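Chemist: A single structure is presented below for examination.
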Amino acid sequence: MPIFHDTNHRTWSLLTGCVALTCALLGACAPPGPPPPLRGATMGTSYSVKVTALPATLSRADLQALVEQELQQVNAAMSTYDPASEISRFNRHQDDGWFSVGPDLAGIVMRARDIGARSGGAFDITVGPLVEAWGFGASGPRDLPPSGQELAAASAVIGIHRLLPRVEPPALRKSVAGLQIDLGAIAKGYGVDRIATALEAAGIDSYLVEIGGELRTRGRRHDGAMWRVGIEQPAPDGRRVQLALPMHRDGAVATSGDYRNFVETNGQRYAHIIDPRTGRPVDHRLASVTVIADNCETADAWATALSVLGTSEGYRIAEAEGLAALFIERDDDVFKETTTPAFDAWLSAANQSPQETENND
Ligand code: ADP
Ligand code: MG
C-alpha cells in the first residue's frame, strides 16, 4: 500500500506493506498500530515524523513540541527566509571581520566547505547571488534570464574560498562584502538529523523522519518490516515509483533533481541547481540523483553536488568517495539508471536480509 507524501516540489512515496491494513480489516491483530505520523510545514516544504511507538513518558503533543523546537532552532540559525536568523544577519553584514555565530552554523559551514572541496567546487554554499539572479531566490522568478553583466557581478562575490568558518569560538568571516550563504541544498538534511537525534534522546529507537523528501530511518516499522523509501520516477507530471528502496539498516536517503523544480524564462527551462563553475543552471540529461548515507545532511549535500556534476563526472567522484548513489537519466519516456558499487551493495545486502527473503518467499 503506497503512502504518498505530498511536498511543494515533489511527491515521495513511502511504500508500506499491506500487513497493517490487513490487520485493521480483520480487526484481529495485536499489538495496535503505530501512532499516526506527525506532520507540519518547515523550510518552504512539509515534514513528517513516524515513530513506531511512543515512550510511556511522552505524549504525542510532547513529541510534536520536541520536533517543532528542533526545527525552530535550525531555522533561527539557517533560514534565509527569516531576516532575523543568524545566516540572514551574516549575509547582510558588510564587514570583513569575524562575525560570531552559534556552533551549529559554524559546524555546518565547515562540513559544507569540505563537501565543496571534495566535489571539485560543484557544491558551493556561496552560490546564493547566482540562485537569485536566475530567479530561484527569495525575490522570486523573473521574466528574462540575467544579463552577462548581472552574472559577472554575481560571480564576483561567490566562491567558497571567500568564506572562512572558525569553530573556536564559532564565527564566520567573508573576504568580499557581497558574499552570501545559502544552505538550501543541505539544511533539510541537517534538520532531519537534528530531529533524529532529538527522538533518540527521548528514547525513540524506530522512526522515519522526512523533510521535503529528504529522510532518515532507524530500526523497523511497527510490524517488524523494513522501512521502504519510494524513489520517484523523475518526470514533472508523474507520481510513479522508480524503485522501492529497502532500509535494511539505519540510514538516510536524499534526492536532488530538476524534474519538478525549474522556471521557464523566455521559453527556456532553467533548473534550480546552479553549476558554480559556469555560473549557469545545470543543463544535462540527468533527471535525478539519489544518495544513501549514514546521515541526511551528507546525503542531501552530495545529492545536489552529484546533480551538478552529471552522470559521468558525478559517478567517478561518487565511486572514489565510496558513496551509494543512483543516477537517473531521462530520454523521452525512457529512464536509465546508473548505480555506484556502494548502491548495488546496499540493494544486495537488503535482498539477503532474512526478512527480505521471507517476504519474497
Ligand atoms: P531541493 O530543494 O529540490 O531538495 P537541493 O537539495 O538540490 O534541492 O537544493 C537546491 C537548492 O540549493 C537551490 O534552491 C539553491 O538554494 C541551492 N543550490 C543551488 N545550486 C547549488 C550548488 N551548486 N551548491 C550548493 N547549493 C546550491
Ligand atoms: Mg540537497
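By convention in this document, the chains of the C-alpha cells carry letters A, B, ... by their order, each chain's residues are numbered from 1, and ligands are numbered from 1 in the order they are shown.
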Near Asp294 of chain A, within 10 Å and counting only C-alpha atoms, which residues show up once chain neighbours fewer than 4 positions away are dropped, as a ChimeraX atom specification?

Modeler: /A:193,216-217,249-253,298-299

Chemist: Next, the residues of the selection above should be written as an mmCIF file, in the first residue's frame with all heavy atoms.

Modeler:
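Listed below is the output, result-v8.cif:
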data_model
loop_
_atom_site.group_PDB
_atom_site.id
_atom_site.type_symbol
_atom_site.label_atom_id
_atom_site.label_comp_id
_atom_site.auth_asym_id
_atom_site.auth_seq_id
_atom_site.Cartn_x
_atom_site.Cartn_y
_atom_site.Cartn_z
ATOM 1 N N ASP A 193 18.430 15.278 10.540
ATOM 2 C CA ASP A 193 19.366 14.712 11.521
ATOM 3 C C ASP A 193 19.107 15.254 12.925
ATOM 4 O O ASP A 193 19.193 14.517 13.908
ATOM 5 C CB ASP A 193 20.813 15.033 11.121
ATOM 6 C CG ASP A 193 21.246 14.268 9.868
ATOM 7 O OD1 ASP A 193 20.662 13.196 9.594
ATOM 8 O OD2 ASP A 193 22.153 14.746 9.178
ATOM 9 N N ARG A 216 15.415 10.042 6.869
ATOM 10 C CA ARG A 216 16.319 9.172 7.626
ATOM 11 C C ARG A 216 15.468 8.167 8.391
ATOM 12 O O ARG A 216 14.424 8.527 8.941
ATOM 13 C CB ARG A 216 17.136 10.037 8.580
ATOM 14 C CG ARG A 216 18.072 9.267 9.479
ATOM 15 C CD ARG A 216 19.094 10.218 10.060
ATOM 16 N NE ARG A 216 19.813 9.593 11.143
ATOM 17 C CZ ARG A 216 20.893 10.131 11.722
ATOM 18 N NH1 ARG A 216 21.347 11.307 11.310
ATOM 19 N NH2 ARG A 216 21.497 9.512 12.692
ATOM 20 N N THR A 217 15.919 6.926 8.411
ATOM 21 C CA THR A 217 15.165 5.915 9.150
ATOM 22 C C THR A 217 16.068 5.222 10.159
ATOM 23 O O THR A 217 17.280 5.149 9.980
ATOM 24 C CB THR A 217 14.563 4.821 8.233
ATOM 25 O OG1 THR A 217 15.619 4.016 7.701
ATOM 26 C CG2 THR A 217 13.756 5.411 7.098
ATOM 27 N N ARG A 249 19.329 -1.326 6.896
ATOM 28 C CA ARG A 249 19.969 -0.818 8.108
ATOM 29 C C ARG A 249 19.698 0.678 8.228
ATOM 30 O O ARG A 249 19.202 1.298 7.285
ATOM 31 C CB ARG A 249 21.452 -1.178 8.153
ATOM 32 C CG ARG A 249 22.321 -0.528 7.129
ATOM 33 C CD ARG A 249 23.792 -0.884 7.425
ATOM 34 N NE ARG A 249 24.679 -0.449 6.377
ATOM 35 C CZ ARG A 249 25.121 0.800 6.238
ATOM 36 N NH1 ARG A 249 24.727 1.744 7.078
ATOM 37 N NH2 ARG A 249 25.926 1.125 5.251
ATOM 38 N N ASP A 250 20.046 1.236 9.385
ATOM 39 C CA ASP A 250 19.743 2.644 9.641
ATOM 40 C C ASP A 250 20.475 3.512 8.625
ATOM 41 O O ASP A 250 21.644 3.261 8.316
ATOM 42 C CB ASP A 250 20.201 3.035 11.061
ATOM 43 C CG ASP A 250 19.594 2.132 12.124
ATOM 44 O OD1 ASP A 250 18.605 1.435 11.804
ATOM 45 O OD2 ASP A 250 20.097 2.126 13.256
ATOM 46 N N GLY A 251 19.829 4.532 8.146
ATOM 47 C CA GLY A 251 20.491 5.398 7.171
ATOM 48 C C GLY A 251 19.583 6.506 6.692
ATOM 49 O O GLY A 251 18.431 6.643 7.122
ATOM 50 N N ALA A 252 20.139 7.310 5.787
ATOM 51 C CA ALA A 252 19.421 8.473 5.267
ATOM 52 C C ALA A 252 19.428 8.434 3.741
ATOM 53 O O ALA A 252 20.366 7.912 3.133
ATOM 54 C CB ALA A 252 20.093 9.746 5.762
ATOM 55 N N VAL A 253 18.383 8.979 3.147
ATOM 56 C CA VAL A 253 18.255 8.994 1.692
ATOM 57 C C VAL A 253 17.845 10.397 1.247
ATOM 58 O O VAL A 253 16.919 10.980 1.812
ATOM 59 C CB VAL A 253 17.165 8.000 1.223
ATOM 60 C CG1 VAL A 253 17.106 7.941 -0.302
ATOM 61 C CG2 VAL A 253 17.404 6.606 1.781
ATOM 62 N N THR A 298 24.701 14.681 4.919
ATOM 63 C CA THR A 298 25.651 14.205 3.908
ATOM 64 C C THR A 298 24.924 13.779 2.644
ATOM 65 O O THR A 298 25.332 14.119 1.524
ATOM 66 C CB THR A 298 26.453 13.008 4.479
ATOM 67 O OG1 THR A 298 27.042 13.416 5.709
ATOM 68 C CG2 THR A 298 27.514 12.536 3.528
ATOM 69 N N ALA A 299 23.831 13.025 2.811
ATOM 70 C CA ALA A 299 23.074 12.548 1.650
ATOM 71 C C ALA A 299 22.532 13.739 0.852
ATOM 72 O O ALA A 299 22.633 13.781 -0.388
ATOM 73 C CB ALA A 299 21.932 11.645 2.112
#

Chemist: Using only C-alpha atoms and all ligand atoms, tabulate the residues of chain A lying at most 8 Å from any atom of ligand 2, each with its closest atom pair and that distance in Å to one decimal, by chain and increasing residue number, as CSV.

Modeler:
residue,atom,partner,partner_atom_place_in_ligand_line,distance
A:Gly184,CA,ligand 2,1 (Mg),7.0
A:Ala185,CA,ligand 2,1 (Mg),3.6
A:Ile186,CA,ligand 2,1 (Mg),5.0
A:Ala187,CA,ligand 2,1 (Mg),7.9
A:Lys188,CA,ligand 2,1 (Mg),7.6
A:Gly189,CA,ligand 2,1 (Mg),7.4
A:Ala254,CA,ligand 2,1 (Mg),7.1
A:Thr255,CA,ligand 2,1 (Mg),7.0
A:Ser256,CA,ligand 2,1 (Mg),5.7
A:Ala299,CA,ligand 2,1 (Mg),7.5
A:Asp300,CA,ligand 2,1 (Mg),3.9
A:Ala301,CA,ligand 2,1 (Mg),4.6
A:Trp302,CA,ligand 2,1 (Mg),6.8
A:Ala303,CA,ligand 2,1 (Mg),5.5
A:Thr304,CA,ligand 2,1 (Mg),4.4
A:Ala305,CA,ligand 2,1 (Mg),7.7

Chemist: Neighbouring residues of Arg280 of chain A were defined as those with any atom within 10 Å, considering only C-alpha atoms; residues of the same chain fewer than 5 positions away were excluded. Please report them as a list in words.

Modeler: Leu130, Val131, Ala133, Trp134, Pro146, Leu151, Tyr270, Ala271, His272, Ile273, Ile274 and Asp275 of chain A

Chemist: Each residue of segment 91-183 of chain A with at least one atom at most 8 Å from segment 62-81 of chain A should appear once, together with its nearest atom pair and the corresponding distance in Å (one decimal); atoms considered: only C-alpha atoms; ordering: chain, then increasing residue number; output as a Markdown table.

Modeler:
| residue | atom | partner | partner_atom | distance |
| --- | --- | --- | --- | --- |
| A:Gly102 | CA | A:Ala77 | CA | 7.6 |
| A:Asp104 | CA | A:Ala77 | CA | 7.7 |
| A:Leu105 | CA | A:Ala77 | CA | 6.3 |
| A:Ala138 | CA | A:Tyr81 | CA | 7.0 |
| A:Asp182 | CA | A:Thr80 | CA | 7.0 |
| A:Leu183 | CA | A:Met78 | CA | 7.0 |

Chemist: Under the rule that only C-alpha atoms and all ligand atoms are counted, which of A:Leu208, A:Val127, A:Leu286, A:Ala61 is the nearest residue to ligand 1?

Modeler: A:Val127

Chemist: Please report, as a VMD selection string, each residue of segment 105-330 of chain A to which DSSP assigns strand (DSSP E or B) when run on this structure's backbone.

Modeler: chain A and resid 163 to 166 171 to 174 207 to 211 214 to 218 227 to 232 241 to 247 251 to 257 262 to 265 268 to 271 274 to 275 280 to 281 286 to 293 324 to 330

Chemist: Mind giving me the straight-line distance from atom CA of Val176 of chain A to atom CA of Asp114 of chain A in Å, one decimal?

Modeler: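 Going from atom CA of Val176 of chain A over to atom CA of Asp114 of chain A covers 20.3 Å.
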
Chemist: If we count only C-alpha atoms, what is near Thr290 of chain A at a cut-off of 12 Å, once residues fewer than 3 positions away on the same chain are taken out, given as a PyMOL selection string?

Modeler: chain A and resi 213-215+229-234+242-243+245+252-257+286-287+293+296+298-307+311+314-315+318+323-329+337-340+343

Chemist: Counting only C-alpha atoms and all ligand atoms, which of A:Glu200, A:Glu297, A:Asp223, A:Asp96 gets nearest to ligand 1?

Modeler: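 Of the candidates, the smallest distance to ligand 1 is held by A:Glu297.
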
Chemist: What is the distance between atom CA of Ile158 of chain A and atom CA of Arg111 of chain A, in Å to one decimal?

Modeler: 17.7 Å

Chemist: Of the residues A:Glu210, A:Asp143, A:Asp283, A:Glu168, which is the one nearest to Leu309 of chain A, using only C-alpha atoms?

Modeler: A:Asp283

Chemist: I want to know what sits within 9 Å of Arg166 of chain A, based on only C-alpha atoms, with residues of the same chain fewer than 4 positions away left out; could you give that as an NGL selection string?

Modeler: :A and (98 or 106-107 or 110 or 170-173)

Chemist: Filtering to N, CA, C and O atoms, could you give me those residues as an mmCIF file, in the first residue's frame?

Modeler:
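Here's the written file out02.cif:
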data_model
loop_
_atom_site.group_PDB
_atom_site.id
_atom_site.type_symbol
_atom_site.label_atom_id
_atom_site.label_comp_id
_atom_site.auth_asym_id
_atom_site.auth_seq_id
_atom_site.Cartn_x
_atom_site.Cartn_y
_atom_site.Cartn_z
ATOM 1 N N TRP A 98 35.591 39.020 11.874
ATOM 2 C CA TRP A 98 34.891 37.816 12.327
ATOM 3 C C TRP A 98 33.495 38.172 12.821
ATOM 4 O O TRP A 98 33.311 39.161 13.520
ATOM 5 N N ALA A 106 28.404 27.412 12.426
ATOM 6 C CA ALA A 106 29.828 27.306 12.080
ATOM 7 C C ALA A 106 30.152 25.866 11.644
ATOM 8 O O ALA A 106 30.875 25.644 10.669
ATOM 9 N N GLY A 107 29.578 24.897 12.348
ATOM 10 C CA GLY A 107 29.848 23.484 12.049
ATOM 11 C C GLY A 107 29.340 23.087 10.670
ATOM 12 O O GLY A 107 30.056 22.437 9.887
ATOM 13 N N MET A 110 31.518 24.506 7.948
ATOM 14 C CA MET A 110 32.768 23.724 7.835
ATOM 15 C C MET A 110 32.549 22.467 6.990
ATOM 16 O O MET A 110 33.328 22.166 6.090
ATOM 17 N N PRO A 170 33.065 29.952 17.742
ATOM 18 C CA PRO A 170 32.409 29.846 16.435
ATOM 19 C C PRO A 170 32.148 31.213 15.785
ATOM 20 O O PRO A 170 31.566 32.100 16.417
ATOM 21 N N ALA A 171 32.600 31.354 14.564
ATOM 22 C CA ALA A 171 32.432 32.631 13.857
ATOM 23 C C ALA A 171 32.619 32.411 12.365
ATOM 24 O O ALA A 171 33.164 31.379 11.932
ATOM 25 N N LEU A 172 32.151 33.367 11.580
ATOM 26 C CA LEU A 172 32.316 33.326 10.123
ATOM 27 C C LEU A 172 32.922 34.652 9.672
ATOM 28 O O LEU A 172 32.726 35.686 10.326
ATOM 29 N N ARG A 173 33.557 34.594 8.541
ATOM 30 C CA ARG A 173 34.194 35.795 8.037
ATOM 31 C C ARG A 173 34.115 35.769 6.518
ATOM 32 O O ARG A 173 34.275 34.719 5.898
#

Chemist: Residues of segment 158-353 of chain A in helix (DSSP H, G or I) according to DSSP, as a PyMOL selection string?

Modeler: chain A and resi 160-162+187-201+296-321+341-352

Chemist: For Lys50 of chain A, list every protein, DNA or RNA residue within 7 Å, evaluated using only C-alpha atoms, and leave out those in the same chain fewer than 4 positions away; present the list as a JSON list (two decimals) with all heavy atoms, in the first residue's frame.

Modeler:
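File written: selection.json
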[["chain", "number", "residue", "atom", "x", "y", "z"],
["A", 37, "PRO", "N", 1.36, 9.57, 12.02],
["A", 37, "PRO", "CA", 2.53, 10.42, 11.81],
["A", 37, "PRO", "C", 2.27, 11.87, 12.22],
["A", 37, "PRO", "O", 1.13, 12.34, 12.15],
["A", 37, "PRO", "CB", 2.76, 10.35, 10.30],
["A", 37, "PRO", "CG", 1.79, 9.41, 9.74],
["A", 37, "PRO", "CD", 0.83, 8.99, 10.80],
["A", 38, "LEU", "N", 3.33, 12.55, 12.63],
["A", 38, "LEU", "CA", 3.25, 13.99, 12.86],
["A", 38, "LEU", "C", 3.56, 14.67, 11.56],
["A", 38, "LEU", "O", 4.45, 14.23, 10.84],
["A", 38, "LEU", "CB", 4.30, 14.43, 13.88],
["A", 38, "LEU", "CG", 4.28, 13.83, 15.26],
["A", 38, "LEU", "CD1", 5.45, 14.40, 16.06],
["A", 38, "LEU", "CD2", 2.97, 14.16, 15.96],
["A", 207, "TYR", "N", 12.14, 4.99, 13.81],
["A", 207, "TYR", "CA", 11.45, 6.16, 13.28],
["A", 207, "TYR", "C", 11.74, 6.34, 11.80],
["A", 207, "TYR", "O", 12.70, 5.76, 11.26],
["A", 207, "TYR", "CB", 11.87, 7.44, 14.03],
["A", 207, "TYR", "CG", 13.36, 7.67, 14.06],
["A", 207, "TYR", "CD1", 14.05, 8.08, 12.93],
["A", 207, "TYR", "CD2", 14.09, 7.45, 15.23],
["A", 207, "TYR", "CE1", 15.42, 8.29, 12.95],
["A", 207, "TYR", "CE2", 15.47, 7.64, 15.26],
["A", 207, "TYR", "CZ", 16.13, 8.06, 14.12],
["A", 207, "TYR", "OH", 17.48, 8.25, 14.12],
["A", 208, "LEU", "N", 10.91, 7.15, 11.17],
["A", 208, "LEU", "CA", 11.20, 7.66, 9.83],
["A", 208, "LEU", "C", 10.94, 9.16, 9.90],
["A", 208, "LEU", "O", 9.83, 9.59, 10.23],
["A", 208, "LEU", "CB", 10.29, 7.00, 8.79],
["A", 208, "LEU", "CG", 10.59, 7.37, 7.32],
["A", 208, "LEU", "CD1", 10.10, 6.26, 6.38],
["A", 208, "LEU", "CD2", 9.96, 8.68, 6.90],
["A", 209, "VAL", "N", 11.97, 9.95, 9.65],
["A", 209, "VAL", "CA", 11.85, 11.41, 9.70],
["A", 209, "VAL", "C", 12.09, 11.94, 8.30],
["A", 209, "VAL", "O", 13.05, 11.53, 7.64],
["A", 209, "VAL", "CB", 12.91, 12.01, 10.66],
["A", 209, "VAL", "CG1", 12.84, 13.54, 10.63],
["A", 209, "VAL", "CG2", 12.73, 11.50, 12.07]]

Chemist: Could you check how far atom 17 (C, counted along the ligand's line) of ligand 1 sits from atom CA of Ile317 of chain A, in Å to one decimal?

Modeler: 19.8 Å

Chemist: My list of candidates is A:Ser348, A:Ala244, A:Ala196, A:Gly191. Which is closest to Ser46 of chain A when distances are computed with only C-alpha atoms?

Modeler: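 Selected residue with least distance to Ser46 of chain A: A:Gly191.
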